[in-house]
$ cat input.json   # JSON, C-alpha atoms
[["chain", "number", "residue", "atom", "x", "y", "z"],
["A", 25, "MET", "CA", 64.91, 22.64, -280.89],
["A", 26, "LYS", "CA", 64.32, 19.73, -278.52],
["A", 27, "ALA", "CA", 68.07, 19.17, -278.09],
["A", 28, "LEU", "CA", 68.52, 22.85, -277.28],
["A", 29, "CYS", "CA", 65.71, 22.87, -274.71],
["A", 30, "LEU", "CA", 67.09, 19.73, -273.06],
["A", 31, "THR", "CA", 70.53, 21.35, -272.90],
["A", 32, "HIS", "CA", 69.03, 24.41, -271.19],
["A", 33, "LEU", "CA", 67.40, 22.06, -268.69],
["A", 34, "GLY", "CA", 70.74, 20.37, -267.98],
["A", 35, "ARG", "CA", 69.58, 17.01, -269.32],
["A", 36, "LYS", "CA", 72.79, 16.23, -271.18],
["A", 37, "ALA", "CA", 72.18, 12.59, -272.16],
["A", 38, "GLU", "CA", 68.72, 13.33, -273.55],
["A", 39, "ALA", "CA", 70.04, 16.40, -275.36],
["A", 40, "GLU", "CA", 72.81, 14.38, -276.97],
["A", 41, "LYS", "CA", 70.30, 11.74, -278.07],
["A", 42, "SER", "CA", 68.05, 14.40, -279.59],
["A", 43, "ALA", "CA", 71.00, 16.08, -281.34],
["A", 44, "ALA", "CA", 72.02, 12.69, -282.77],
["A", 45, "GLU", "CA", 68.49, 12.26, -284.15],
["A", 46, "VAL", "CA", 68.72, 15.66, -285.82],
["A", 47, "ASP", "CA", 72.13, 14.77, -287.20],
["A", 48, "ALA", "CA", 70.74, 11.49, -288.60],
["A", 49, "PHE", "CA", 68.01, 13.43, -290.38],
["A", 50, "LEU", "CA", 70.47, 16.01, -291.71],
["A", 51, "ALA", "CA", 72.56, 13.17, -293.13],
["A", 52, "THR", "CA", 69.66, 12.43, -295.51],
["A", 53, "ILE", "CA", 69.75, 15.83, -297.23],
["A", 54, "PRO", "CA", 72.47, 17.42, -299.37],
["A", 55, "ARG", "CA", 75.50, 18.56, -297.37],
["A", 56, "ALA", "CA", 75.24, 22.14, -298.68],
["A", 57, "LEU", "CA", 71.82, 22.42, -297.05],
["A", 58, "ALA", "CA", 72.54, 20.35, -293.95],
["A", 59, "GLN", "CA", 75.90, 21.74, -292.85],
["A", 60, "PRO", "CA", 74.76, 25.27, -291.91],
["A", 61, "GLU", "CA", 71.88, 23.76, -289.91],
["A", 62, "ARG", "CA", 74.18, 21.26, -288.21],
["A", 63, "LEU", "CA", 76.64, 24.02, -287.25],
["A", 64, "HIS", "CA", 73.80, 26.29, -286.11],
["A", 65, "LEU", "CA", 72.50, 23.61, -283.75],
["A", 66, "GLU", "CA", 76.03, 22.88, -282.53],
["A", 67, "GLY", "CA", 76.55, 26.59, -281.84],
["A", 68, "GLU", "CA", 73.24, 27.05, -280.05],
["A", 69, "ILE", "CA", 73.91, 24.02, -277.84],
["A", 70, "ALA", "CA", 77.41, 25.28, -277.02],
["A", 71, "LEU", "CA", 75.92, 28.68, -276.15],
["A", 72, "ALA", "CA", 73.34, 27.02, -273.90],
["A", 73, "ARG", "CA", 76.19, 25.20, -272.13],
["A", 74, "GLY", "CA", 78.00, 28.51, -271.66],
["A", 75, "ASP", "CA", 80.86, 27.58, -274.02],
["A", 76, "HIS", "CA", 81.05, 30.90, -275.87],
["A", 77, "ALA", "CA", 84.21, 30.09, -277.81],
["A", 78, "ALA", "CA", 82.80, 26.83, -279.21],
["A", 79, "ALA", "CA", 79.49, 28.55, -279.96],
["A", 80, "ARG", "CA", 81.20, 31.36, -281.85],
["A", 81, "ALA", "CA", 83.41, 28.95, -283.80],
["A", 82, "ALA", "CA", 80.45, 26.83, -284.96],
["A", 83, "LEU", "CA", 78.24, 29.84, -285.70],
["A", 84, "GLN", "CA", 80.97, 31.66, -287.63],
["A", 85, "LYS", "CA", 81.35, 28.60, -289.87],
["A", 86, "ALA", "CA", 77.59, 28.38, -290.28],
["A", 87, "ALA", "CA", 77.38, 32.08, -291.20],
["A", 88, "GLN", "CA", 80.01, 31.59, -293.90],
["A", 89, "LEU", "CA", 77.89, 28.80, -295.39],
["A", 90, "ALA", "CA", 74.58, 30.69, -295.15],
["A", 91, "PRO", "CA", 74.75, 34.10, -296.86],
["A", 92, "THR", "CA", 72.07, 36.72, -296.26],
["A", 93, "GLU", "CA", 72.35, 38.30, -299.71],
["A", 94, "GLY", "CA", 69.81, 37.74, -302.44],
["A", 95, "ILE", "CA", 66.06, 37.35, -302.46],
["A", 96, "LYS", "CA", 65.96, 34.00, -300.69],
["A", 97, "MET", "CA", 63.53, 34.19, -297.77],
["A", 98, "ASP", "CA", 65.21, 31.62, -295.56],
["A", 99, "SER", "CA", 65.24, 32.19, -291.80],
["A", 100, "GLY", "CA", 68.43, 30.18, -291.23],
["A", 101, "PRO", "CA", 71.04, 32.85, -292.08],
["A", 102, "ILE", "CA", 69.32, 35.40, -289.83],
["A", 103, "GLU", "CA", 68.92, 33.02, -286.91],
["A", 104, "ILE", "CA", 72.57, 31.98, -287.26],
["A", 105, "ARG", "CA", 73.78, 35.58, -287.13],
["A", 106, "TYR", "CA", 71.51, 36.43, -284.21],
["A", 107, "ALA", "CA", 72.88, 33.43, -282.30],
["A", 108, "LEU", "CA", 76.41, 34.48, -283.26],
["A", 109, "ALA", "CA", 75.75, 37.97, -281.92],
["A", 110, "ARG", "CA", 74.47, 36.58, -278.61],
["A", 111, "ALA", "CA", 77.47, 34.25, -278.30],
["A", 112, "ALA", "CA", 79.85, 37.10, -279.10],
["A", 113, "LEU", "CA", 78.19, 39.40, -276.55],
["A", 114, "GLU", "CA", 78.29, 36.75, -273.85],
["A", 115, "GLY", "CA", 81.94, 36.10, -274.71],
["A", 116, "GLY", "CA", 82.83, 39.81, -274.55],
["A", 117, "LYS", "CA", 83.45, 40.15, -278.32],
["A", 118, "ILE", "CA", 81.56, 43.41, -278.84],
["A", 119, "GLU", "CA", 82.74, 44.21, -282.38],
["A", 120, "GLU", "CA", 81.91, 40.69, -283.55],
["A", 121, "ALA", "CA", 78.45, 41.07, -282.02],
["A", 122, "ARG", "CA", 78.00, 44.49, -283.63],
["A", 123, "LYS", "CA", 78.89, 43.03, -287.05],
["A", 124, "ALA", "CA", 76.49, 40.09, -286.71],
["A", 125, "LEU", "CA", 73.65, 42.34, -285.49],
["A", 126, "GLY", "CA", 74.26, 44.70, -288.40],
["A", 127, "GLU", "CA", 74.00, 41.76, -290.80],
["A", 128, "VAL", "CA", 70.66, 40.77, -289.26],
["A", 129, "ILE", "CA", 69.30, 44.30, -289.53],
["A", 130, "GLU", "CA", 70.49, 44.81, -293.11],
["A", 131, "ALA", "CA", 69.51, 41.34, -294.36],
["A", 132, "GLY", "CA", 66.71, 42.45, -296.65],
["A", 133, "PRO", "CA", 64.07, 39.87, -297.61],
["A", 134, "ALA", "CA", 65.65, 37.12, -295.49],
["A", 135, "ARG", "CA", 64.68, 38.95, -292.29],
["A", 136, "VAL", "CA", 60.98, 38.92, -293.17],
["A", 137, "MET", "CA", 60.75, 35.33, -291.95],
["A", 138, "THR", "CA", 62.47, 36.14, -288.64],
["A", 139, "PRO", "CA", 60.76, 39.08, -286.95],
["A", 140, "LEU", "CA", 61.88, 38.18, -283.41],
["A", 141, "PRO", "CA", 65.63, 38.06, -284.09],
["A", 142, "TYR", "CA", 65.33, 41.10, -286.36],
["A", 143, "VAL", "CA", 63.54, 43.35, -283.87],
["A", 144, "ARG", "CA", 65.58, 42.10, -280.91],
["A", 145, "SER", "CA", 68.73, 42.85, -282.93],
["A", 146, "LEU", "CA", 67.61, 46.47, -283.18],
["A", 147, "ALA", "CA", 67.49, 46.75, -279.38],
["A", 148, "LEU", "CA", 70.79, 44.95, -278.85],
["A", 149, "LEU", "CA", 72.61, 47.04, -281.42],
["A", 150, "ALA", "CA", 71.04, 50.23, -280.05],
["A", 151, "SER", "CA", 72.41, 49.35, -276.62],
["A", 152, "LEU", "CA", 75.89, 48.71, -278.04],
["A", 153, "GLU", "CA", 75.82, 51.97, -280.00],
["A", 154, "GLU", "CA", 74.76, 53.88, -276.90],
["A", 155, "LYS", "CA", 77.58, 52.37, -274.84],
["A", 156, "ALA", "CA", 80.02, 53.31, -277.61],
["A", 157, "GLY", "CA", 78.84, 56.93, -277.43],
["A", 158, "LYS", "CA", 77.08, 56.81, -280.80],
["A", 159, "THR", "CA", 73.91, 58.36, -279.45],
["A", 160, "ALA", "CA", 72.41, 59.46, -282.78],
["A", 161, "ASN", "CA", 72.61, 55.94, -284.17],
["A", 162, "ALA", "CA", 71.41, 54.47, -280.86],
["A", 163, "ARG", "CA", 68.40, 56.79, -280.91],
["A", 164, "LYS", "CA", 67.50, 55.74, -284.49],
["A", 165, "LEU", "CA", 67.77, 52.06, -283.59],
["A", 166, "TYR", "CA", 65.69, 52.47, -280.41],
["A", 167, "GLU", "CA", 63.06, 54.34, -282.46],
["A", 168, "ARG", "CA", 62.91, 51.52, -284.99],
["A", 169, "TYR", "CA", 62.70, 48.95, -282.19],
["A", 170, "LEU", "CA", 59.90, 50.78, -280.41],
["A", 171, "GLY", "CA", 58.12, 51.32, -283.72],
["A", 172, "TYR", "CA", 57.76, 47.55, -284.01],
["A", 173, "TRP", "CA", 57.39, 46.48, -280.38],
["A", 174, "LYS", "CA", 55.99, 49.42, -278.37],
["A", 175, "ASP", "CA", 52.39, 48.22, -278.41],
["A", 176, "GLY", "CA", 53.10, 44.49, -278.61],
["A", 177, "GLN", "CA", 52.79, 41.71, -276.08],
["A", 178, "ILE", "CA", 56.34, 40.36, -275.87],
["A", 179, "ASP", "CA", 59.65, 41.64, -274.50],
["A", 180, "ARG", "CA", 57.84, 44.11, -272.28],
["A", 181, "ALA", "CA", 60.83, 44.65, -269.94],
["A", 182, "GLU", "CA", 63.09, 45.41, -272.91],
["A", 183, "VAL", "CA", 60.48, 47.75, -274.40],
["A", 184, "ALA", "CA", 60.31, 49.65, -271.09],
["A", 185, "ARG", "CA", 64.12, 49.79, -270.94],
["A", 186, "ALA", "CA", 64.32, 51.07, -274.54],
["A", 187, "GLY", "CA", 61.76, 53.75, -273.73],
["A", 188, "GLN", "CA", 63.79, 54.82, -270.69],
["A", 189, "ARG", "CA", 66.98, 54.90, -272.76],
["A", 190, "MET", "CA", 65.24, 57.05, -275.41],
["A", 191, "ALA", "CA", 64.17, 59.48, -272.69],
["A", 192, "THR", "CA", 67.74, 59.60, -271.36],
["A", 193, "LEU", "CA", 69.12, 60.24, -274.84],
["A", 194, "GLY", "CA", 66.74, 63.16, -275.22],
["A", 195, "PRO", "CA", 64.98, 64.44, -278.31],
["A", 196, "ARG", "CA", 66.35, 63.98, -281.79],
["A", 197, "PRO", "CA", 68.49, 66.97, -282.83],
["A", 198, "ALA", "CA", 66.85, 69.32, -285.32],
["A", 199, "ALA", "CA", 67.94, 68.69, -288.89]]

$ encode --input "input.json" --output "structure tokens"
Amino acid sequence: MKALCLTHLGRKAEAEKSAAEVDAFLATIPRALAQPERLHLEGEIALARGDHAAARAALQKAAQLAPTEGIKMDSGPIEIRYALARAALEGGKIEEARKALGEVIEAGPARVMTPLPYVRSLALLASLEEKAGKTANARKLYERYLGYWKDGQIDRAEVARAGQRMATLGPRPAA
């Protein structure tokens, strides 16, 4: 986290030192556990630098190593896919983003430990569905998003935008 924050601040040398410290720690644990985390950090740092291709490459590898299936309640696979979706969106890879967001939303027990990426994924995917003309699905996703966040304290601008989009989409068709 420190390396990522330092990268966002443009403090490259300090960020590299912090990333090296993380890498030294990861070297002490089994590779199967460390490698997804190492690639996740690499991808997040690349995304913070604006290198979408490098971010996507690292995060795609991390996602392959960190499945979302099963009853494991590990936040890593969800955070990796959420980061992959953001990198894909920023790099103009809409279908890749849609796939990663869908994996976050459908992750089952793993998403319990990651409410922020999960709920934010609902809003991002709703926006993509709306732009693709899939208004019924967009409406359902916005409803789910607002069901979680409408009365909360965070992401207030996005909550307002989602409410406006719902109003624009109109009422749900009668069944």

$ residues_around --input "input.json" --residues "A:Gly67" --least-positions-apart "6" --cutoff "6 Å" --atoms "all atoms listed in the file" --output "number ranges by chain"
A: 79, 82-83

$ closest_residue --input "input.json" --among "A:Ala162, A:Ala131, A:Ala70, A:Ile104" --to "A:Thr92" --atoms "all atoms listed in the file"
A:Ala131

$ atom_distance --input "input.json" --atom1 "atom CA of A:Ala111" --atom2 "atom CA of A:Leu193"
27.5 Å

$ residues_around --input "input.json" --residues "stretch 107-110 of chain A" --least-positions-apart "3" --cutoff "7 Å" --atoms "all atoms listed in the file" --output "ChimeraX atom specification"
/A:68,80,83-84,103-104,113-114,120-121,124-125

$ atom_distance --input "input.json" --atom1 "atom CA of A:Asp47" --atom2 "atom CA of A:Leu65"
9.5 Å

$ axis_aligned_box --input "input.json" --around "stretch 41-48 of chain A" --padding-each-side "8 Å" --output "lines of an AutoDock Vina configuration file"
center_x = 70.1
center_y = 13.8
center_z = -283.3
size_x = 20.1
size_y = 20.6
size_z = 26.5

$ atom_distance --input "input.json" --atom1 "atom CA of A:Arg135" --atom2 "atom CA of A:Leu165"
16.0 Å

$ closest_residue --input "input.json" --among "A:Asp179, A:Glu127, A:Glu154, A:Asp98" --to "A:Leu140" --atoms "all atoms listed in the file"
A:Asp179

$ residues_around --input "input.json" --residues "A:Lys26" --least-positions-apart "6" --cutoff "12 Å" --atoms "all atoms listed in the file" --output "count of residues only"
16

$ residues_around --input "input.json" --residues "A:Lys155" --least-positions-apart "6" --cutoff "12 Å" --atoms "all atoms listed in the file" --output "ChimeraX atom specification"
/A:118,122,148-149,161-163,189,193

$ write_last_selection --input "input.json" --atoms "C-alpha atoms" --output "PDB file, in the frame of the given file"
ATOM      1  CA  ILE A 118      81.560  43.410-278.840  1.00  0.00           C
ATOM      2  CA  ARG A 122      78.000  44.490-283.630  1.00  0.00           C
ATOM      3  CA  LEU A 148      70.790  44.950-278.850  1.00  0.00           C
ATOM      4  CA  LEU A 149      72.610  47.040-281.420  1.00  0.00           C
ATOM      5  CA  ASN A 161      72.610  55.940-284.170  1.00  0.00           C
ATOM      6  CA  ALA A 162      71.410  54.470-280.860  1.00  0.00           C
ATOM      7  CA  ARG A 163      68.400  56.790-280.910  1.00  0.00           C
ATOM      8  CA  ARG A 189      66.980  54.900-272.760  1.00  0.00           C
ATOM      9  CA  LEU A 193      69.120  60.240-274.840  1.00  0.00           C
TER      10      LEU A 193
END

$ closest_residue --input "input.json" --among "A:Gly116, A:Pro60, A:Pro101, A:Gly157" --to "A:Ile129" --atoms "all atoms listed in the file"
A:Pro101

$ residues_around --input "input.json" --residues "A:Val143" --least-positions-apart "4" --cutoff "7 Å" --atoms "only C-alpha atoms" --output "PyMOL selection string"
chain A and resi 139+147+169

$ build_atoms --input "input.json" --residues "stretch 107-128 of chain A" --atoms "N, CA, C and O atoms" --output "PDB file, keeping the file's coordinate frame"
ATOM      1  N   ALA A 107      72.223  34.297-283.288  1.00  0.00           N
ATOM      2  CA  ALA A 107      72.880  33.430-282.300  1.00  0.00           C
ATOM      3  C   ALA A 107      74.352  33.790-282.166  1.00  0.00           C
ATOM      4  O   ALA A 107      74.897  33.821-281.055  1.00  0.00           O
ATOM      5  N   LEU A 108      74.998  34.073-283.287  1.00  0.00           N
ATOM      6  CA  LEU A 108      76.410  34.480-283.260  1.00  0.00           C
ATOM      7  C   LEU A 108      76.577  35.772-282.472  1.00  0.00           C
ATOM      8  O   LEU A 108      77.503  35.899-281.662  1.00  0.00           O
ATOM      9  N   ALA A 109      75.687  36.710-282.673  1.00  0.00           N
ATOM     10  CA  ALA A 109      75.750  37.970-281.920  1.00  0.00           C
ATOM     11  C   ALA A 109      75.604  37.728-280.426  1.00  0.00           C
ATOM     12  O   ALA A 109      76.350  38.304-279.621  1.00  0.00           O
ATOM     13  N   ARG A 110      74.655  36.880-280.044  1.00  0.00           N
ATOM     14  CA  ARG A 110      74.470  36.580-278.610  1.00  0.00           C
ATOM     15  C   ARG A 110      75.699  35.902-278.030  1.00  0.00           C
ATOM     16  O   ARG A 110      76.139  36.227-276.921  1.00  0.00           O
ATOM     17  N   ALA A 111      76.269  34.947-278.778  1.00  0.00           N
ATOM     18  CA  ALA A 111      77.470  34.250-278.300  1.00  0.00           C
ATOM     19  C   ALA A 111      78.631  35.230-278.175  1.00  0.00           C
ATOM     20  O   ALA A 111      79.395  35.183-277.202  1.00  0.00           O
ATOM     21  N   ALA A 112      78.770  36.110-279.149  1.00  0.00           N
ATOM     22  CA  ALA A 112      79.850  37.100-279.100  1.00  0.00           C
ATOM     23  C   ALA A 112      79.666  38.041-277.918  1.00  0.00           C
ATOM     24  O   ALA A 112      80.632  38.330-277.199  1.00  0.00           O
ATOM     25  N   LEU A 113      78.445  38.506-277.688  1.00  0.00           N
ATOM     26  CA  LEU A 113      78.190  39.400-276.550  1.00  0.00           C
ATOM     27  C   LEU A 113      78.513  38.701-275.235  1.00  0.00           C
ATOM     28  O   LEU A 113      79.174  39.281-274.368  1.00  0.00           O
ATOM     29  N   GLU A 114      78.045  37.473-275.089  1.00  0.00           N
ATOM     30  CA  GLU A 114      78.290  36.750-273.850  1.00  0.00           C
ATOM     31  C   GLU A 114      79.773  36.426-273.667  1.00  0.00           C
ATOM     32  O   GLU A 114      80.230  36.277-272.538  1.00  0.00           O
ATOM     33  N   GLY A 115      80.502  36.345-274.767  1.00  0.00           N
ATOM     34  CA  GLY A 115      81.940  36.100-274.710  1.00  0.00           C
ATOM     35  C   GLY A 115      82.772  37.368-274.682  1.00  0.00           C
ATOM     36  O   GLY A 115      84.000  37.304-274.737  1.00  0.00           O
ATOM     37  N   GLY A 116      82.115  38.541-274.629  1.00  0.00           N
ATOM     38  CA  GLY A 116      82.830  39.810-274.550  1.00  0.00           C
ATOM     39  C   GLY A 116      83.401  40.299-275.874  1.00  0.00           C
ATOM     40  O   GLY A 116      84.240  41.195-275.888  1.00  0.00           O
ATOM     41  N   LYS A 117      82.956  39.763-276.985  1.00  0.00           N
ATOM     42  CA  LYS A 117      83.450  40.150-278.320  1.00  0.00           C
ATOM     43  C   LYS A 117      82.458  41.145-278.938  1.00  0.00           C
ATOM     44  O   LYS A 117      81.669  40.815-279.811  1.00  0.00           O
ATOM     45  N   ILE A 118      82.540  42.386-278.498  1.00  0.00           N
ATOM     46  CA  ILE A 118      81.560  43.410-278.840  1.00  0.00           C
ATOM     47  C   ILE A 118      81.549  43.719-280.339  1.00  0.00           C
ATOM     48  O   ILE A 118      80.479  43.824-280.949  1.00  0.00           O
ATOM     49  N   GLU A 119      82.710  43.876-280.948  1.00  0.00           N
ATOM     50  CA  GLU A 119      82.740  44.210-282.380  1.00  0.00           C
ATOM     51  C   GLU A 119      82.188  43.076-283.229  1.00  0.00           C
ATOM     52  O   GLU A 119      81.518  43.318-284.233  1.00  0.00           O
ATOM     53  N   GLU A 120      82.463  41.851-282.837  1.00  0.00           N
ATOM     54  CA  GLU A 120      81.910  40.690-283.550  1.00  0.00           C
ATOM     55  C   GLU A 120      80.382  40.679-283.417  1.00  0.00           C
ATOM     56  O   GLU A 120      79.676  40.410-284.395  1.00  0.00           O
ATOM     57  N   ALA A 121      79.900  40.999-282.238  1.00  0.00           N
ATOM     58  CA  ALA A 121      78.450  41.070-282.020  1.00  0.00           C
ATOM     59  C   ALA A 121      77.846  42.188-282.856  1.00  0.00           C
ATOM     60  O   ALA A 121      76.804  41.997-283.496  1.00  0.00           O
ATOM     61  N   ARG A 122      78.493  43.343-282.859  1.00  0.00           N
ATOM     62  CA  ARG A 122      78.000  44.490-283.630  1.00  0.00           C
ATOM     63  C   ARG A 122      77.889  44.120-285.120  1.00  0.00           C
ATOM     64  O   ARG A 122      76.896  44.425-285.776  1.00  0.00           O
ATOM     65  N   LYS A 123      78.894  43.438-285.642  1.00  0.00           N
ATOM     66  CA  LYS A 123      78.890  43.030-287.050  1.00  0.00           C
ATOM     67  C   LYS A 123      77.735  42.073-287.342  1.00  0.00           C
ATOM     68  O   LYS A 123      77.000  42.254-288.313  1.00  0.00           O
ATOM     69  N   ALA A 124      77.567  41.068-286.501  1.00  0.00           N
ATOM     70  CA  ALA A 124      76.490  40.090-286.710  1.00  0.00           C
ATOM     71  C   ALA A 124      75.122  40.744-286.603  1.00  0.00           C
ATOM     72  O   ALA A 124      74.224  40.454-287.403  1.00  0.00           O
ATOM     73  N   LEU A 125      74.938  41.634-285.639  1.00  0.00           N
ATOM     74  CA  LEU A 125      73.650  42.340-285.490  1.00  0.00           C
ATOM     75  C   LEU A 125      73.381  43.216-286.707  1.00  0.00           C
ATOM     76  O   LEU A 125      72.248  43.276-287.197  1.00  0.00           O
ATOM     77  N   GLY A 126      74.408  43.886-287.196  1.00  0.00           N
ATOM     78  CA  GLY A 126      74.260  44.700-288.400  1.00  0.00           C
ATOM     79  C   GLY A 126      73.831  43.855-289.592  1.00  0.00           C
ATOM     80  O   GLY A 126      72.989  44.283-290.404  1.00  0.00           O
ATOM     81  N   GLU A 127      74.373  42.652-289.705  1.00  0.00           N
ATOM     82  CA  GLU A 127      74.000  41.760-290.800  1.00  0.00           C
ATOM     83  C   GLU A 127      72.540  41.323-290.680  1.00  0.00           C
ATOM     84  O   GLU A 127      71.844  41.185-291.692  1.00  0.00           O
ATOM     85  N   VAL A 128      72.073  41.113-289.462  1.00  0.00           N
ATOM     86  CA  VAL A 128      70.660  40.770-289.260  1.00  0.00           C
ATOM     87  C   VAL A 128      69.775  41.934-289.709  1.00  0.00           C
ATOM     88  O   VAL A 128      68.819  41.759-290.467  1.00  0.00           O
TER      89      VAL A 128
END
